[in-house]
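Structure file entry.pdb; described as PDB, C-alpha atoms.
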MODEL        1
ATOM      1  CA  MET A   1      25.355 -17.022 -24.737
ATOM      2  CA  GLU A   2      23.708 -16.711 -21.346
ATOM      3  CA  ARG A   3      22.991 -13.131 -20.400
ATOM      4  CA  THR A   4      24.179 -11.742 -17.058
ATOM      5  CA  ASP A   5      21.804 -10.515 -14.372
ATOM      6  CA  ALA A   6      22.768  -6.915 -15.136
ATOM      7  CA  GLU A   7      21.946  -7.365 -18.840
ATOM      8  CA  LEU A   8      18.612  -8.988 -18.040
ATOM      9  CA  ILE A   9      17.692  -6.233 -15.585
ATOM     10  CA  ALA A  10      18.634  -3.530 -18.102
ATOM     11  CA  ALA A  11      16.415  -5.224 -20.706
ATOM     12  CA  VAL A  12      13.483  -5.445 -18.280
ATOM     13  CA  LEU A  13      13.867  -1.776 -17.396
ATOM     14  CA  GLN A  14      13.707  -0.946 -21.106
ATOM     15  CA  GLY A  15      10.335  -2.676 -21.322
ATOM     16  CA  ASP A  16      11.288  -6.253 -22.232
ATOM     17  CA  THR A  17       9.246  -8.088 -19.587
ATOM     18  CA  ALA A  18      10.238 -11.505 -20.993
ATOM     19  CA  SER A  19      13.818 -10.915 -19.827
ATOM     20  CA  PHE A  20      12.536 -11.233 -16.273
ATOM     21  CA  GLU A  21      11.823 -14.953 -16.775
ATOM     22  CA  PRO A  22      15.458 -16.160 -16.564
ATOM     23  CA  LEU A  23      15.798 -14.274 -13.274
ATOM     24  CA  ILE A  24      12.677 -16.001 -11.911
ATOM     25  CA  VAL A  25      14.000 -19.402 -13.035
ATOM     26  CA  LYS A  26      17.437 -18.804 -11.539
ATOM     27  CA  TYR A  27      16.450 -17.469  -8.112
ATOM     28  CA  SER A  28      13.056 -19.058  -7.382
ATOM     29  CA  PRO A  29      14.519 -22.172  -5.670
ATOM     30  CA  ARG A  30      16.217 -19.990  -3.062
ATOM     31  CA  VAL A  31      13.177 -17.747  -2.642
ATOM     32  CA  PHE A  32      10.884 -20.781  -2.212
ATOM     33  CA  ALA A  33      13.245 -22.375   0.333
ATOM     34  CA  THR A  34      13.280 -19.153   2.356
ATOM     35  CA  ALA A  35       9.501 -18.727   2.219
ATOM     36  CA  ARG A  36       9.031 -22.337   3.391
ATOM     37  CA  ARG A  37      10.846 -21.461   6.615
ATOM     38  CA  TYR A  38       8.017 -19.088   7.559
ATOM     39  CA  ALA A  39       4.885 -20.601   6.027
ATOM     40  CA  ARG A  40       3.816 -24.208   6.336
ATOM     41  CA  ARG A  41       1.026 -24.490   3.743
ATOM     42  CA  GLU A  42       2.252 -24.692   0.165
ATOM     43  CA  SER A  43      -0.506 -22.318  -1.037
ATOM     44  CA  GLU A  44       0.763 -19.671   1.404
ATOM     45  CA  VAL A  45       4.339 -20.266   0.284
ATOM     46  CA  GLU A  46       3.396 -19.701  -3.358
ATOM     47  CA  ASP A  47       1.452 -16.533  -2.471
ATOM     48  CA  ILE A  48       4.489 -15.163  -0.638
ATOM     49  CA  VAL A  49       6.843 -15.971  -3.523
ATOM     50  CA  GLN A  50       4.483 -14.402  -6.069
ATOM     51  CA  GLU A  51       4.346 -11.257  -3.961
ATOM     52  CA  ILE A  52       8.152 -11.199  -3.763
ATOM     53  CA  TRP A  53       8.522 -11.410  -7.551
ATOM     54  CA  LEU A  54       5.815  -8.793  -8.117
ATOM     55  CA  LYS A  55       7.537  -6.430  -5.703
ATOM     56  CA  SER A  56      10.930  -7.077  -7.258
ATOM     57  CA  PHE A  57       9.537  -6.365 -10.735
ATOM     58  CA  ASN A  58       7.873  -3.141  -9.615
ATOM     59  CA  LYS A  59      10.884  -1.958  -7.641
ATOM     60  CA  LEU A  60      13.526  -3.043 -10.142
ATOM     61  CA  GLY A  61      14.210   0.601 -10.978
ATOM     62  CA  SER A  62      15.468   1.110  -7.422
ATOM     63  CA  PHE A  63      18.088  -1.665  -7.836
ATOM     64  CA  ARG A  64      21.331   0.299  -8.155
ATOM     65  CA  GLY A  65      23.514  -2.608  -9.199
ATOM     66  CA  ASP A  66      26.340  -1.894  -6.746
ATOM     67  CA  ALA A  67      25.623  -5.270  -5.039
ATOM     68  CA  PRO A  68      24.565  -8.570  -6.644
ATOM     69  CA  PHE A  69      20.888  -8.830  -7.599
ATOM     70  CA  GLU A  70      20.606 -11.921  -5.392
ATOM     71  CA  HIS A  71      21.408  -9.873  -2.240
ATOM     72  CA  TRP A  72      18.800  -7.266  -3.157
ATOM     73  CA  LEU A  73      16.253  -9.997  -3.857
ATOM     74  CA  MET A  74      16.947 -11.820  -0.587
ATOM     75  CA  ARG A  75      16.446  -8.595   1.386
ATOM     76  CA  LEU A  76      13.081  -8.223  -0.316
ATOM     77  CA  THR A  77      12.330 -11.896   0.410
ATOM     78  CA  VAL A  78      13.105 -11.697   4.124
ATOM     79  CA  ARG A  79      11.104  -8.481   4.534
ATOM     80  CA  THR A  80       8.102  -9.927   2.690
ATOM     81  CA  CYS A  81       8.255 -13.071   4.851
ATOM     82  CA  TYR A  82       8.344 -10.869   7.956
ATOM     83  CA  ASP A  83       5.278  -8.968   6.708
ATOM     84  CA  PHE A  84       3.575 -12.328   6.196
ATOM     85  CA  LEU A  85       4.373 -13.390   9.778
ATOM     86  CA  ARG A  86       3.020 -10.106  11.127
ATOM     87  CA  GLY A  87      -0.144 -10.520   9.096
ATOM     88  CA  HIS A  88      -0.765 -14.031  10.449
ATOM     89  CA  GLN A  89      -0.161 -13.501  14.157
ATOM     90  CA  ARG A  90      -3.690 -14.576  15.057
ATOM     91  CA  ASN A  91      -2.834 -18.220  14.417
ATOM     92  CA  ARG A  92      -0.351 -18.352  17.304
ATOM     93  CA  GLU A  93      -0.971 -19.531  20.869
ATOM     94  CA  THR A  94      -2.187 -23.044  20.219
ATOM     95  CA  ALA A  95      -1.840 -25.447  23.101
ATOM     96  CA  PHE A  96       1.034 -27.913  23.210
ATOM     97  CA  SER A  97      -1.415 -30.528  24.480
ATOM     98  CA  GLU A  98      -2.346 -31.111  20.822
ATOM     99  CA  LEU A  99       0.983 -32.770  20.002
ATOM    100  CA  THR A 100       0.908 -35.623  17.529
ATOM    101  CA  GLU A 101       1.866 -39.102  18.683
ATOM    102  CA  PRO A 102       5.362 -39.046  17.074
ATOM    103  CA  GLU A 103       6.026 -35.611  18.617
ATOM    104  CA  ASP A 104       4.866 -36.892  21.998
ATOM    105  CA  ASP A 105       7.082 -39.983  21.686
ATOM    106  CA  TRP A 106      10.075 -37.887  20.718
ATOM    107  CA  LEU A 107       9.601 -35.656  23.767
ATOM    108  CA  ASN A 108       9.232 -38.681  26.060
ATOM    109  CA  ARG A 109      12.412 -40.123  24.625
ATOM    110  CA  PHE A 110      14.148 -36.772  25.142
ATOM    111  CA  VAL A 111      13.156 -36.777  28.827
ATOM    112  CA  THR A 112      14.067 -40.390  29.530
ATOM    113  CA  HIS A 113      17.040 -40.916  27.187
ATOM    114  CA  PRO A 114      18.065 -37.580  25.639
ATOM    115  CA  GLU A 115      20.790 -39.203  23.549
ATOM    116  CA  ASP A 116      18.156 -41.345  21.771
ATOM    117  CA  ALA A 117      16.068 -38.362  20.720
ATOM    118  CA  SER A 118      17.559 -37.871  17.266
ATOM    119  CA  GLU A 119      17.673 -34.403  15.731
ATOM    120  CA  SER A 120      17.103 -35.877  12.296
ATOM    121  CA  ALA A 121      13.746 -37.415  13.257
ATOM    122  CA  ALA A 122      10.712 -36.093  11.411
ATOM    123  CA  ALA A 123       8.967 -35.617  14.765
ATOM    124  CA  ALA A 124      11.720 -33.256  15.919
ATOM    125  CA  LYS A 125      11.284 -31.201  12.752
ATOM    126  CA  GLN A 126       7.519 -30.978  13.297
ATOM    127  CA  LEU A 127       8.046 -30.051  16.916
ATOM    128  CA  VAL A 128      10.479 -27.247  16.134
ATOM    129  CA  GLU A 129       8.029 -25.868  13.551
ATOM    130  CA  ARG A 130       5.297 -25.961  16.176
ATOM    131  CA  VAL A 131       7.500 -24.113  18.677
ATOM    132  CA  LEU A 132       8.567 -21.492  16.104
ATOM    133  CA  GLU A 133       4.918 -20.870  15.214
ATOM    134  CA  GLN A 134       4.275 -19.866  18.822
ATOM    135  CA  LEU A 135       6.883 -17.095  18.725
ATOM    136  CA  PRO A 136       6.126 -13.446  17.900
ATOM    137  CA  PRO A 137       7.127 -12.517  14.292
ATOM    138  CA  ALA A 138      10.355 -10.671  15.149
ATOM    139  CA  ALA A 139      11.468 -13.455  17.509
ATOM    140  CA  ARG A 140      10.771 -16.145  14.920
ATOM    141  CA  LEU A 141      12.650 -14.231  12.233
ATOM    142  CA  ILE A 142      15.665 -13.668  14.477
ATOM    143  CA  ILE A 143      15.815 -17.278  15.729
ATOM    144  CA  THR A 144      15.566 -18.529  12.140
ATOM    145  CA  LEU A 145      18.249 -16.233  10.770
ATOM    146  CA  LEU A 146      20.616 -16.269  13.735
ATOM    147  CA  GLU A 147      20.397 -19.804  15.090
ATOM    148  CA  ILE A 148      19.050 -21.974  12.271
ATOM    149  CA  GLU A 149      20.671 -20.278   9.268
ATOM    150  CA  GLU A 150      23.661 -19.191  11.414
ATOM    151  CA  ARG A 151      23.903 -15.699   9.957
ATOM    152  CA  SER A 152      25.873 -12.926  11.619
ATOM    153  CA  VAL A 153      24.225  -9.968  13.352
ATOM    154  CA  LYS A 154      25.527  -7.678  10.589
ATOM    155  CA  GLU A 155      24.021  -9.879   7.878
ATOM    156  CA  ILE A 156      20.686  -9.925   9.702
ATOM    157  CA  ALA A 157      20.774  -6.149  10.004
ATOM    158  CA  GLU A 158      21.295  -5.872   6.228
ATOM    159  CA  LEU A 159      18.563  -8.385   5.439
ATOM    160  CA  THR A 160      15.949  -6.947   7.760
ATOM    161  CA  GLY A 161      16.819  -3.254   7.552
ATOM    162  CA  TRP A 162      17.104  -3.114  11.354
ATOM    163  CA  SER A 163      20.120  -1.521  13.035
ATOM    164  CA  VAL A 164      22.820  -3.770  14.549
ATOM    165  CA  PRO A 165      21.892  -2.778  18.160
ATOM    166  CA  LEU A 166      18.212  -3.468  17.404
ATOM    167  CA  VAL A 167      19.089  -6.924  16.057
ATOM    168  CA  LYS A 168      21.045  -7.654  19.249
ATOM    169  CA  VAL A 169      18.183  -6.493  21.466
ATOM    170  CA  ARG A 170      15.662  -8.520  19.471
ATOM    171  CA  ALA A 171      17.944 -11.585  19.536
ATOM    172  CA  PHE A 172      18.149 -11.363  23.320
ATOM    173  CA  ARG A 173      14.365 -11.048  23.589
ATOM    174  CA  ALA A 174      13.836 -13.845  21.044
ATOM    175  CA  ARG A 175      15.911 -16.294  23.085
ATOM    176  CA  GLY A 176      13.855 -15.344  26.131
ATOM    177  CA  GLU A 177      10.613 -15.907  24.195
ATOM    178  CA  MET A 178      11.885 -19.284  22.981
ATOM    179  CA  LYS A 179      12.802 -20.289  26.531
ATOM    180  CA  LYS A 180       9.327 -19.291  27.770
ATOM    181  CA  CYS A 181       7.768 -21.234  24.929
ATOM    182  CA  LEU A 182       9.739 -24.386  25.753
ATOM    183  CA  ALA A 183       8.834 -24.004  29.432
ATOM    184  CA  ARG A 184       5.169 -23.829  28.402
ATOM    185  CA  LEU A 185       5.646 -26.938  26.276
ATOM    186  CA  ALA A 186       7.050 -28.801  29.296
ATOM    187  CA  LYS A 187       4.254 -27.503  31.538
ATOM    188  CA  ASP A 188       1.451 -28.376  29.076
ATOM    189  CA  LYS A 189       2.840 -31.852  28.655
ATOM    190  CA  TYR A 190       3.691 -32.877  32.186
ATOM    191  CA  LEU A 191       1.572 -30.783  34.532
TER     192      LEU A 191
ATOM    193  CA  MET B   1       8.495 -34.304  38.242
ATOM    194  CA  LYS B   2       9.365 -34.778  34.569
ATOM    195  CA  CYS B   3       8.860 -31.055  33.927
ATOM    196  CA  ARG B   4      11.663 -30.271  36.330
ATOM    197  CA  LEU B   5      13.809 -32.984  34.776
ATOM    198  CA  MET B   6      13.419 -31.579  31.279
ATOM    199  CA  ASN B   7      16.574 -29.698  30.397
ATOM    200  CA  LEU B   8      15.186 -26.720  28.462
ATOM    201  CA  SER B   9      18.604 -25.546  27.209
ATOM    202  CA  GLU B  10      19.303 -29.014  25.835
ATOM    203  CA  LEU B  11      15.816 -29.169  24.303
ATOM    204  CA  HIS B  12      16.460 -25.778  22.659
ATOM    205  CA  ARG B  13      19.763 -27.052  21.259
ATOM    206  CA  LYS B  14      18.195 -30.280  19.990
ATOM    207  CA  LEU B  15      15.302 -28.506  18.303
ATOM    208  CA  ILE B  16      17.572 -25.963  16.603
ATOM    209  CA  SER B  17      19.779 -28.849  15.443
ATOM    210  CA  ALA B  18      16.650 -30.583  14.114
ATOM    211  CA  ALA B  19      15.728 -27.474  12.142
ATOM    212  CA  LYS B  20      19.263 -27.294  10.738
ATOM    213  CA  ALA B  21      19.256 -30.976   9.848
ATOM    214  CA  ASN B  22      15.977 -30.660   7.943
ATOM    215  CA  PRO B  23      16.248 -27.581   5.722
ATOM    216  CA  PRO B  24      13.128 -26.746   3.705
ATOM    217  CA  GLY B  25      12.976 -27.937   0.115
ATOM    218  CA  ASP B  26      13.800 -25.570  -2.728
ATOM    219  CA  SER B  27      11.491 -27.132  -5.293
ATOM    220  CA  VAL B  28       9.605 -24.743  -7.532
ATOM    221  CA  PRO B  29       6.034 -25.565  -8.652
ATOM    222  CA  TYR B  30       5.712 -26.663 -12.266
ATOM    223  CA  THR B  31       5.653 -23.709 -14.752
ATOM    224  CA  PHE B  32       5.754 -21.216 -11.900
ATOM    225  CA  GLU B  33       7.909 -18.827 -13.947
ATOM    226  CA  LYS B  34       5.422 -18.936 -16.857
ATOM    227  CA  ARG B  35       2.496 -18.129 -14.568
ATOM    228  CA  MET B  36       4.484 -15.362 -12.929
ATOM    229  CA  LEU B  37       5.458 -13.851 -16.249
ATOM    230  CA  ALA B  38       1.861 -14.018 -17.502
ATOM    231  CA  ARG B  39       0.810 -12.154 -14.388
ATOM    232  CA  LEU B  40       3.483  -9.511 -14.907
ATOM    233  CA  SER B  41       2.705  -9.128 -18.619
ATOM    234  CA  GLY B  42      -1.021  -8.843 -17.930
ATOM    235  CA  ARG B  43      -0.603  -5.766 -15.788
ATOM    236  CA  PRO B  44      -2.403  -2.683 -17.190
ATOM    237  CA  ALA B  45      -0.133  -0.636 -19.438
ATOM    238  CA  LEU B  46       0.796   2.864 -18.429
ATOM    239  CA  ASP B  47      -2.131   5.157 -19.354
ATOM    240  CA  ALA B  48      -0.409   8.127 -21.027
ATOM    241  CA  TRP B  49      -3.691   9.966 -21.723
ATOM    242  CA  GLY B  50      -4.749   9.494 -18.120
ATOM    243  CA  LEU B  51      -1.481  10.925 -16.878
ATOM    244  CA  TRP B  52      -1.804  13.881 -19.289
ATOM    245  CA  ALA B  53      -5.392  14.584 -18.196
ATOM    246  CA  HIS B  54      -4.400  14.345 -14.547
ATOM    247  CA  GLY B  55      -1.549  16.809 -15.071
ATOM    248  CA  LEU B  56      -3.818  19.135 -17.049
ATOM    249  CA  SER B  57      -6.500  19.202 -14.352
ATOM    250  CA  ARG B  58      -3.883  20.019 -11.729
ATOM    251  CA  ALA B  59      -2.470  22.773 -13.934
ATOM    252  CA  ALA B  60      -5.976  24.192 -14.484
ATOM    253  CA  GLY B  61      -6.496  24.361 -10.733
ATOM    254  CA  LEU B  62      -3.216  26.166 -10.278
ATOM    255  CA  CYS B  63      -4.156  28.632 -13.035
ATOM    256  CA  VAL B  64      -7.451  29.468 -11.309
ATOM    257  CA  VAL B  65      -5.620  30.048  -8.027
ATOM    258  CA  ALA B  66      -3.039  32.246  -9.772
ATOM    259  CA  ALA B  67      -5.798  34.233 -11.525
ATOM    260  CA  LEU B  68      -7.624  34.819  -8.244
ATOM    261  CA  LEU B  69      -4.418  35.940  -6.537
ATOM    262  CA  LEU B  70      -3.587  38.343  -9.367
ATOM    263  CA  ALA B  71      -7.137  39.730  -9.341
ATOM    264  CA  GLY B  72      -6.927  40.307  -5.613
ATOM    265  CA  TRP B  73      -3.499  41.851  -5.912
ATOM    266  CA  SER B  74      -4.536  44.217  -8.716
ATOM    267  CA  SER B  75      -7.625  45.353  -6.790
ATOM    268  CA  VAL B  76      -5.599  46.407  -3.760
ATOM    269  CA  LEU B  77      -2.813  48.150  -5.699
ATOM    270  CA  PRO B  78      -2.676  51.896  -4.849
ATOM    271  CA  GLY B  79      -3.770  54.261  -7.625
ATOM    272  CA  THR B  80      -5.699  51.605  -9.456
ATOM    273  CA  ASN B  81      -9.326  52.326 -10.017
ATOM    274  CA  THR B  82     -12.027  50.525 -11.930
ATOM    275  CA  GLU B  83     -12.405  53.291 -14.486
ATOM    276  CA  THR B  84      -8.723  53.249 -15.444
ATOM    277  CA  LEU B  85      -8.720  49.470 -15.521
ATOM    278  CA  SER B  86     -11.761  49.317 -17.780
ATOM    279  CA  GLN B  87     -10.248  51.938 -20.072
ATOM    280  CA  ASP B  88      -7.018  49.959 -20.234
ATOM    281  CA  VAL B  89      -8.914  46.804 -21.128
ATOM    282  CA  GLN B  90     -10.912  48.651 -23.780
ATOM    283  CA  THR B  91      -7.764  50.189 -25.280
ATOM    284  CA  THR B  92      -6.061  46.793 -25.396
ATOM    285  CA  LEU B  93      -9.063  45.080 -26.958
ATOM    286  CA  PHE B  94      -9.593  47.702 -29.609
ATOM    287  CA  ALA B  95      -5.916  48.315 -30.284
ATOM    288  CA  ALA B  96      -5.941  46.229 -33.441
ATOM    289  CA  VAL B  97      -9.087  47.953 -34.779
ATOM    290  CA  ASP B  98      -7.752  51.410 -33.928
ATOM    291  CA  ASN B  99      -4.478  50.659 -35.706
ATOM    292  CA  ALA B 100      -6.288  49.360 -38.780
ATOM    293  CA  THR B 101      -8.389  52.514 -38.923
ATOM    294  CA  ALA B 102      -5.343  54.724 -38.502
ATOM    295  CA  ASP B 103      -3.389  52.888 -41.205
ATOM    296  CA  ALA B 104      -6.226  53.008 -43.767
ATOM    297  CA  PRO B 105      -5.718  55.587 -46.562
ATOM    298  CA  LEU B 106      -7.903  58.621 -46.231
ATOM    299  CA  GLU B 107     -10.647  58.781 -48.762
ATOM    300  CA  THR B 108     -10.682  62.116 -50.462
ATOM    301  CA  GLN B 109     -13.532  63.397 -52.375
TER     302      GLN B 109
ENDMDL
END
As structure tokens:
Amino acid sequence: MERTDAELIAAVLQGDTASFEPLIVKYSPRVFATARRYARRESEVEDIVQEIWLKSFNKLGSFRGDAPFEHWLMRLTVRTCYDFLRGHQRNRETAFSELTEPEDDWLNRFVTHPEDASESAAAAKQLVERVLEQLPPAARLIITLLEIEERSVKEIAELTGWSVPLVKVRAFRARGEMKKCLARLAKDKYL
Amino acid sequence: MKCRLMNLSELHRKLISAAKANPPGDSVPYTFEKRMLARLSGRPALDAWGLWAHGLSRAAGLCVVAALLLAGWSSVLPGTNTETLSQDVQTTLFAAVDNATADAPLETQ
């Protein structure tokens, strides 16, 4: 019979490290998908996920069990991804003049015939990743959680550990940063 | 100019929709869980002797501090003098010998 998360965690806490494996198998897809929102290179993604599982193993004693393990793990995941973004801020501020040809075409299509610029195009996905990479860490996290994943302010507060008013302030600033970034994109391309 | 024609709010909406339409994959690298578990199992075990030695050294330090405080306190106590203290120490040290001598049967001629 398959053991529950609580049983597996209790076994790990009693020294049975092998009982941690089913938890890794069960939740890694979600952890990897989350990490891929913040890191582009697969080697970076795997480093982040390894760090998340190491942290979760070391801090398992602090898991009280009054909420599902998955919630606790996702909080740890989001906070580790945020730490990663803060640690890699140097890579930001690349010029939008270095757009690839498909990205350039998509933008031209958006300007001339906006209805033809499909959201499902690969170029649009690359472009949004490029724009998100230009944002400061807190702004990128907020835009991802609030607008892309469509989470509520309360959920974001729980995931990040920030207060609800702080999330609202940061969301306001993040939208401003995004707007500035898009204005820069337009300026770099057409001026 | 095209820059002025570009609707930034619409571009924002389109790009966010693009991100929603293309969620990242949730694939897990082959045998990731095995590698992770090997890494967790390979961590150094808790060093019980190290912990004991660490605790002992801290306790030794505290004992030295306590001894110094007591020595200082006893030297400033009123009515305490070195002669009395040395006599007390001598009495305590030789208490066992004195008792043994006192308890021994007297040898008569």
Residues of chain A within 6 Å of chain B, counting all atoms listed in the file, as a count of residues only
13
Got a sec: who's within 7 Å of Val78 of chain A, counting all atoms listed in the file, leaving out chain neighbours fewer than 4 positions off, as a list in words?
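Contacts, with the query itself left out: Met74, Tyr82, Leu159 and Thr160 of chain A.
What separates atom CA of Glu147 of chain A from atom CA of Leu76 of chain A is a distance of 20.6 Å.
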Using atom CA of Glu2 of chain A and atom CA of Phe69 of chain A as the two end points, give the distance in Å to one decimal.
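Distance between the two atoms: 16.1 Å.
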Expected answer as a PyMOL selection string: all residues with atoms within 7 Å of (18.6, -17.0, 18.4), only C-alpha atoms
chain A and resi 142-143+146-147+171+174-175
So the first atom is atom CA of Ala35 of chain A and the second is atom CA of Ile48 of chain A; what is the distance between them in Å, to one decimal place?
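Pair atom CA of Ala35 of chain A / atom CA of Ile48 of chain A returns 6.8 Å.
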Using the chain letters and numbers from the file, give me the residues hit by the PyMOL selection byres ((chain A and resi 39-41) around 12), as number ranges by chain.
A: 32-38, 42-49, 80-89, 91, 126, 129-130, 132-133, 137, 140-141; B: 24-25
Check which residues satisfy the PyMOL selection byres ((chain A and resi 152-154) around 9) in the file shown, then give them as a PyMOL selection string.
chain A and resi 145-146+150-151+155-159+163-165+167-168+171
Could the residues in this selection be written to a file with C-alpha atoms, as a compact mmCIF listing (two decimals), in the coordinates of the input?
# COMPACT_ATOMS: atom_id res chain seq x y z
CA LEU A 145 18.25 -16.23 10.77
CA LEU A 146 20.62 -16.27 13.74
CA GLU A 150 23.66 -19.19 11.41
CA ARG A 151 23.90 -15.70 9.96
CA GLU A 155 24.02 -9.88 7.88
CA ILE A 156 20.69 -9.93 9.70
CA ALA A 157 20.77 -6.15 10.00
CA GLU A 158 21.30 -5.87 6.23
CA LEU A 159 18.56 -8.38 5.44
CA SER A 163 20.12 -1.52 13.04
CA VAL A 164 22.82 -3.77 14.55
CA PRO A 165 21.89 -2.78 18.16
CA VAL A 167 19.09 -6.92 16.06
CA LYS A 168 21.04 -7.65 19.25
CA ALA A 171 17.94 -11.58 19.54
Would you kindly identify which residues have an atom no farther than 10 Å from (19.9, -10.1, -21.3), using only C-alpha atoms and the file's own coordinates, and write them out as number ranges by chain?
A: 1-12, 16, 18-20, 22-23
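The residues returned by the PyMOL selection byres ((chain A and resi 60-62) around 10) for this structure are Ile9, Ala10, Val12, Leu13, Leu54, Lys55, Ser56, Phe57, Asn58, Lys59, Phe63, Arg64, Gly65, Phe69, Trp72 and Leu73 of chain A.
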